[in-house]
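Asks: Got a file for you: entry.txt, compact mmCIF, C-alpha atoms.
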# COMPACT_ATOMS: atom_id res chain seq x y z
CA MET A 18 111.91 50.61 84.65
CA THR A 19 114.79 51.66 86.84
CA GLU A 20 115.92 55.19 87.46
CA GLU A 21 119.04 54.70 85.34
CA SER A 22 117.26 52.97 82.44
CA ALA A 23 114.81 55.85 82.02
CA SER A 24 117.13 58.70 81.01
CA GLY A 25 119.99 58.72 83.48
CA PRO A 26 120.06 58.84 87.28
CA GLU A 27 118.72 62.40 87.42
CA ALA A 28 115.58 61.68 85.40
CA GLY A 29 113.34 61.31 88.43
CA ALA A 30 114.44 64.63 89.90
CA LYS A 31 113.43 66.61 86.80
CA ALA A 32 110.14 64.95 85.97
CA GLY A 33 106.99 67.03 86.22
CA PRO A 34 103.94 66.03 88.27
CA GLY A 35 102.31 64.09 85.38
CA PRO A 36 99.37 61.70 85.81
CA ARG A 37 98.87 60.21 89.26
CA LYS A 38 99.46 56.46 89.59
CA GLU A 39 99.49 54.41 92.74
CA PRO A 40 103.05 53.21 93.38
CA ARG A 41 103.88 49.52 93.35
CA ARG A 42 104.57 48.49 96.93
CA PRO A 43 108.17 47.37 97.51
CA ARG A 44 109.04 43.85 98.53
CA GLN A 45 108.74 43.48 102.28
CA PRO A 46 111.92 42.12 103.91
CA ARG A 47 111.40 39.02 106.05
CA GLN A 48 114.87 38.19 107.31
CA ALA A 49 116.69 40.29 109.89
CA ARG A 50 119.54 40.93 107.44
CA SER A 51 117.11 42.21 104.79
CA ARG A 52 115.30 44.41 107.31
CA ALA A 53 118.63 45.89 108.36
CA ARG A 54 119.48 46.58 104.71
CA VAL A 55 116.16 48.38 104.19
CA GLU A 56 116.75 50.46 107.33
CA ALA A 57 120.19 51.41 106.03
CA ILE A 58 118.74 52.38 102.64
CA LEU A 59 115.99 54.56 104.12
CA GLY A 60 118.35 56.06 106.68
CA ALA A 61 120.78 57.00 103.91
CA ALA A 62 117.98 58.53 101.83
CA ASP A 63 116.79 60.52 104.84
CA ARG A 64 120.28 61.93 105.46
CA ILE A 65 120.70 62.90 101.81
CA LEU A 66 117.35 64.69 101.79
CA ALA A 67 118.10 66.52 105.02
CA GLN A 68 121.63 67.59 104.06
CA GLU A 69 121.61 67.90 100.27
CA GLY A 70 117.97 68.15 99.19
CA TYR A 71 115.71 66.14 96.93
CA GLU A 72 117.58 66.69 93.68
CA ALA A 73 120.69 65.05 95.15
CA LEU A 74 118.71 61.87 95.84
CA THR A 75 119.62 59.19 93.27
CA MET A 76 119.89 55.44 93.59
CA ARG A 77 123.68 55.62 93.19
CA ARG A 78 123.95 58.35 95.82
CA ILE A 79 121.80 56.31 98.23
CA ALA A 80 124.06 53.30 97.66
CA GLU A 81 127.15 55.38 98.40
CA GLU A 82 125.66 56.79 101.60
CA ALA A 83 124.41 53.38 102.75
CA GLY A 84 127.70 51.66 101.89
CA ALA A 85 125.89 49.07 99.80
CA PRO A 86 125.99 47.90 96.16
CA VAL A 87 123.44 49.79 94.08
CA GLY A 88 122.02 46.48 92.88
CA SER A 89 121.02 45.56 96.42
CA ILE A 90 118.75 48.62 96.60
CA TYR A 91 116.89 47.51 93.49
CA GLN A 92 116.07 44.26 95.30
CA PHE A 93 113.69 46.29 97.48
CA TYR A 94 112.88 49.48 95.54
CA ALA A 95 112.27 49.71 91.81
CA ASP A 96 113.41 53.32 91.52
CA LYS A 97 113.87 56.57 93.40
CA GLY A 98 110.12 57.14 93.44
CA ALA A 99 109.61 53.93 95.42
CA VAL A 100 112.21 55.05 97.99
CA VAL A 101 110.43 58.40 98.29
CA ASP A 102 107.08 56.67 98.82
CA ALA A 103 108.55 54.48 101.55
CA LEU A 104 110.09 57.50 103.29
CA GLY A 105 106.82 59.41 102.95
CA ARG A 106 104.93 56.61 104.73
CA ARG A 107 107.56 56.60 107.47
CA TYR A 108 107.31 60.35 107.99
CA LEU A 109 103.52 60.13 108.00
CA GLU A 110 103.62 57.64 110.85
CA GLY A 111 105.45 60.26 112.93
CA PHE A 112 102.75 62.80 112.07
CA ARG A 113 99.99 60.30 112.83
CA THR A 114 101.44 59.49 116.25
CA ALA A 115 101.70 63.18 117.16
CA ILE A 116 98.17 63.99 115.97
CA ASP A 117 96.63 60.98 117.75
CA ALA A 118 98.34 62.10 120.98
CA LEU A 119 96.80 65.59 120.57
CA VAL A 120 93.36 64.08 120.03
CA GLU A 121 93.74 61.96 123.18
CA ARG A 122 94.72 65.06 125.17
CA ALA A 123 91.68 66.93 123.85
CA VAL A 124 89.34 64.09 124.80
CA ALA A 125 90.92 63.94 128.28
CA GLY A 126 90.40 67.68 128.74
CA GLU A 127 94.13 68.38 128.85
CA LEU A 128 94.35 70.55 125.72
CA THR A 129 93.83 73.97 127.28
CA ASP A 130 95.75 75.88 124.58
CA LEU A 131 94.74 74.34 121.27
CA VAL A 132 96.60 76.72 118.96
CA GLY A 133 99.79 77.04 121.03
CA THR A 134 100.09 73.30 121.56
CA MET A 135 99.31 72.48 117.93
CA VAL A 136 101.90 74.94 116.60
CA ASP A 137 104.55 73.70 119.05
CA VAL A 138 103.94 70.05 118.09
CA TYR A 139 103.92 70.89 114.39
CA ALA A 140 107.11 72.95 114.69
CA GLU A 141 108.81 70.07 116.51
CA LEU A 142 107.87 67.72 113.66
CA PHE A 143 109.51 70.13 111.24
CA ARG A 144 112.63 70.30 113.41
CA SER A 145 112.92 66.56 114.02
CA GLN A 146 112.20 65.42 110.45
CA PRO A 147 114.41 67.54 108.17
CA GLY A 148 114.31 64.85 105.50
CA GLY A 149 110.53 64.94 105.54
CA MET A 150 110.54 68.70 105.26
CA ALA A 151 112.76 68.44 102.19
CA LEU A 152 110.17 66.15 100.65
CA TRP A 153 107.25 68.47 101.38
CA ALA A 154 109.22 71.47 100.10
CA GLY A 155 109.85 69.67 96.80
CA ARG A 156 106.24 68.65 96.29
CA HIS A 157 106.16 70.24 92.80
CA LEU A 158 109.05 68.11 91.52
CA SER A 159 107.44 64.68 91.24
CA PRO A 160 104.16 62.77 91.71
CA GLU A 161 105.64 60.93 94.71
CA LEU A 162 106.40 64.18 96.50
CA ALA A 163 102.98 65.61 95.66
CA ARG A 164 101.34 62.49 97.12
CA ALA A 165 103.44 62.72 100.29
CA ASP A 166 102.58 66.38 100.78
CA GLU A 167 98.86 65.87 100.18
CA ALA A 168 98.77 62.89 102.54
CA SER A 169 100.50 64.77 105.37
CA ASN A 170 98.23 67.81 104.99
CA ALA A 171 95.12 65.63 104.94
CA LEU A 172 96.27 63.69 108.01
CA ILE A 173 96.90 66.83 110.07
CA ALA A 174 93.68 68.53 108.93
CA GLU A 175 91.66 65.45 109.84
CA GLY A 176 93.20 65.29 113.31
CA LEU A 177 92.53 68.98 113.84
CA ARG A 178 88.92 68.52 112.72
CA ARG A 179 88.44 65.73 115.28
CA ILE A 180 89.87 67.94 118.04
CA VAL A 181 87.70 70.95 117.16
CA GLU A 182 84.56 68.83 116.91
CA HIS A 183 85.26 67.50 120.39
CA LEU A 184 85.90 70.97 121.81
CA THR A 185 82.80 72.51 120.18
CA GLY A 186 80.51 69.56 120.87
CA GLY A 187 79.37 68.75 117.37
CA PRO A 188 80.22 68.28 113.69
CA GLY A 189 81.47 71.37 111.91
CA GLY A 190 80.56 70.27 108.41
CA GLU A 191 81.96 72.00 105.36
CA VAL A 192 82.92 75.14 107.32
CA LEU A 193 85.23 73.19 109.62
CA GLU A 194 86.70 71.07 106.82
CA ARG A 195 87.63 74.20 104.91
CA ALA A 196 88.95 75.93 108.03
CA THR A 197 91.22 73.05 109.03
CA ARG A 198 92.71 72.97 105.54
CA MET A 199 93.32 76.72 105.77
CA VAL A 200 95.08 76.34 109.13
CA VAL A 201 97.33 73.57 107.80
CA TRP A 202 98.24 75.56 104.69
CA ALA A 203 99.01 78.69 106.72
CA ALA A 204 101.09 76.84 109.33
CA ASN A 205 102.92 74.94 106.57
CA ALA A 206 103.87 78.13 104.76
CA VAL A 207 105.24 79.84 107.86
CA LEU A 208 107.07 76.83 109.28
CA HIS A 209 108.64 75.96 105.93
CA GLU A 210 109.91 79.52 105.74
CA VAL A 211 111.43 79.59 109.23
CA HIS A 212 113.01 76.13 108.87
CA LYS A 213 114.31 76.38 105.30
CA GLY A 214 117.81 77.30 106.44
CA GLY A 215 118.07 74.12 108.49
CA GLY A 216 118.44 75.93 111.81
CA ALA A 217 116.13 76.52 114.74
CA ALA A 218 112.93 78.46 114.16
CA ASP A 219 112.83 82.08 115.27
CA PRO A 220 110.65 82.07 118.44
CA GLY A 221 109.23 85.48 117.58
CA THR A 222 107.99 84.30 114.21
CA VAL A 223 106.41 81.21 115.77
CA ASP A 224 104.69 83.44 118.34
CA GLU A 225 103.28 85.60 115.53
CA LEU A 226 101.93 82.45 113.86
CA LYS A 227 100.20 81.54 117.12
CA ARG A 228 98.63 85.01 117.40
CA MET A 229 97.36 84.81 113.84
CA LEU A 230 95.88 81.35 114.29
CA ASN A 231 94.39 82.22 117.69
CA ALA A 232 92.45 85.08 116.08
CA TYR A 233 91.23 82.70 113.37
CA TRP A 234 90.30 80.08 115.99
CA GLU A 235 88.19 82.55 117.97
CA ASP A 236 86.35 83.58 114.81
CA LEU A 237 85.85 79.95 113.78
CA ARG A 238 84.56 78.95 117.20
CA SER A 239 81.95 81.73 117.11
CA ARG A 240 80.85 80.66 113.61
CA LEU A 241 80.55 77.03 114.61
CA SER A 242 78.40 77.97 117.63
CA GLU A 243 75.85 79.80 115.46
CA PRO A 244 72.58 77.96 114.77
Can you give me the file's structure in the form of structure tokens?
Replies:
Amino acid sequence: MTEESASGPEAGAKAGPGPRKEPRRPRQPRQARSRARVEAILGAADRILAQEGYEALTMRRIAEEAGAPVGSIYQFYADKGAVVDALGRRYLEGFRTAIDALVERAVAGELTDLVGTMVDVYAELFRSQPGGMALWAGRHLSPELARADEASNALIAEGLRRIVEHLTGGPGGEVLERATRMVVWAANAVLHEVHKGGGAADPGTVDELKRMLNAYWEDLRSRLSEP
């Protein structure tokens, strides 16, 4: 069912979370022309999210922004939810690359300021992916957004767990798993707040976040070192 055939082009924006279903993967473009069309579609959706927010994202609006017939979008994506899923996977790749680089630095002994570096990298991801931040901020609006938010949080928490286990020399078990989730939730809340206006983050607020997380990190490190 397409976005329009459900109950108008805004139906997807107003739907509640509902039952979770795995999305049908879109058709993968093989020809250069088709790949360029998909890039134009996703680029248009990203700009709409960054500038106008999730509720402005409709298949017709994407077509207008991409300068393409709306029917051509349905060749690759069944509805708005499929576009959101594709964008979510793209944003996650940016997160994955950043987290893997942090893990490599930790293993190489180059991560001397875990909290400061992590917050700076995370803040840069917020700044450089405004469309992604609009998705995470709208996580309560649809199952696709909820999936994207959960996946990004899990990815970052897992990378942080790997770094801490390397720095402390052993598995942290349930204590570390819970702690990394707490850190991600706390950093998310603060960074969403300071970036919600679309401008640069207030350096003072980011410094306060670092102080808060440094205190938590010192406490966590002492707990993980206990027998």
Asks: So that I can see what lies close to segment 108-114 of chain A, please list as number ranges by chain the residues with an atom at most 7 Å from it, counting only C-alpha atoms and leaving out residues fewer than 2 positions away in the same chain.
Replies: A: 104-106, 116-118, 149, 169, 172
Asks: May I have the selected residues written with C-alpha atoms, as a tab-separated table (two decimals), in the coordinates of the input?
Replies:
chain	number	residue	atom	x	y	z
A	104	LEU	CA	110.09	57.50	103.29
A	105	GLY	CA	106.82	59.41	102.95
A	106	ARG	CA	104.93	56.61	104.73
A	116	ILE	CA	98.17	63.99	115.97
A	117	ASP	CA	96.63	60.98	117.75
A	118	ALA	CA	98.34	62.10	120.98
A	149	GLY	CA	110.53	64.94	105.54
A	169	SER	CA	100.50	64.77	105.37
A	172	LEU	CA	96.27	63.69	108.01
Asks: Determine, counting only C-alpha atoms, every residue of protein, DNA or RNA that lies within 9 Å of (120.8, 54.8, 98.8) in the file coordinates, then give the result as a ChimeraX atom specification.
Replies: /A:57-62,65,74-85,87,90,97,100
Asks: Between atom CA of Thr197 of chain A and atom CA of Leu226 of chain A, measure the distance and give it in Å to one decimal.
Replies: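 Result for atom CA of Thr197 of chain A versus atom CA of Leu226 of chain A: 15.0 Å, one decimal.
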Asks: To one decimal place in Å, what is the distance between atom CA of Glu141 of chain A and atom CA of Ala115 of chain A?
Replies: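 Taking atom CA of Glu141 of chain A as the start and atom CA of Ala115 of chain A as the end point, the length is 9.9 Å.
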Asks: State, in Å with one decimal place, the distance from atom CA of Leu66 of chain A to atom CA of Gly148 of chain A.
Replies: 4.8 Å
Asks: Pick from A:Ala154, A:Val138, A:Ala204, A:Leu237: nearest to Thr222 of chain A, with only C-alpha atoms counted?
Replies: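 Comparing A:Ala154, A:Val138, A:Ala204, A:Leu237 against Thr222 of chain A, the winner is A:Ala204.
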Asks: Starting from the point (88.2, 74.5, 117.9), work out which residues of protein, DNA or RNA have an atom no more than 12 Å away when counting only C-alpha atoms; state them as an NGL selection string.
Replies: :A and (120 or 123 or 128-132 or 135 or 176-189 or 192-194 or 196-197 or 200 or 230-242)
Asks: In terms of the shortest atom-to-atom distance over all atoms listed in the file, which of A:Leu158, A:Val136, A:Leu119, A:Leu152 is closest to Ala203 of chain A?
Replies: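 Selected residue with least distance to Ala203 of chain A: A:Val136.
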Asks: Would you please work out which residue, of A:Met229, A:Ala125, A:Ala67, A:Met150, is nearest to His209 of chain A when using only C-alpha atoms?
Replies: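 Of A:Met229, A:Ala125, A:Ala67, A:Met150, the one nearest His209 of chain A is A:Met150, counting only C-alpha atoms.
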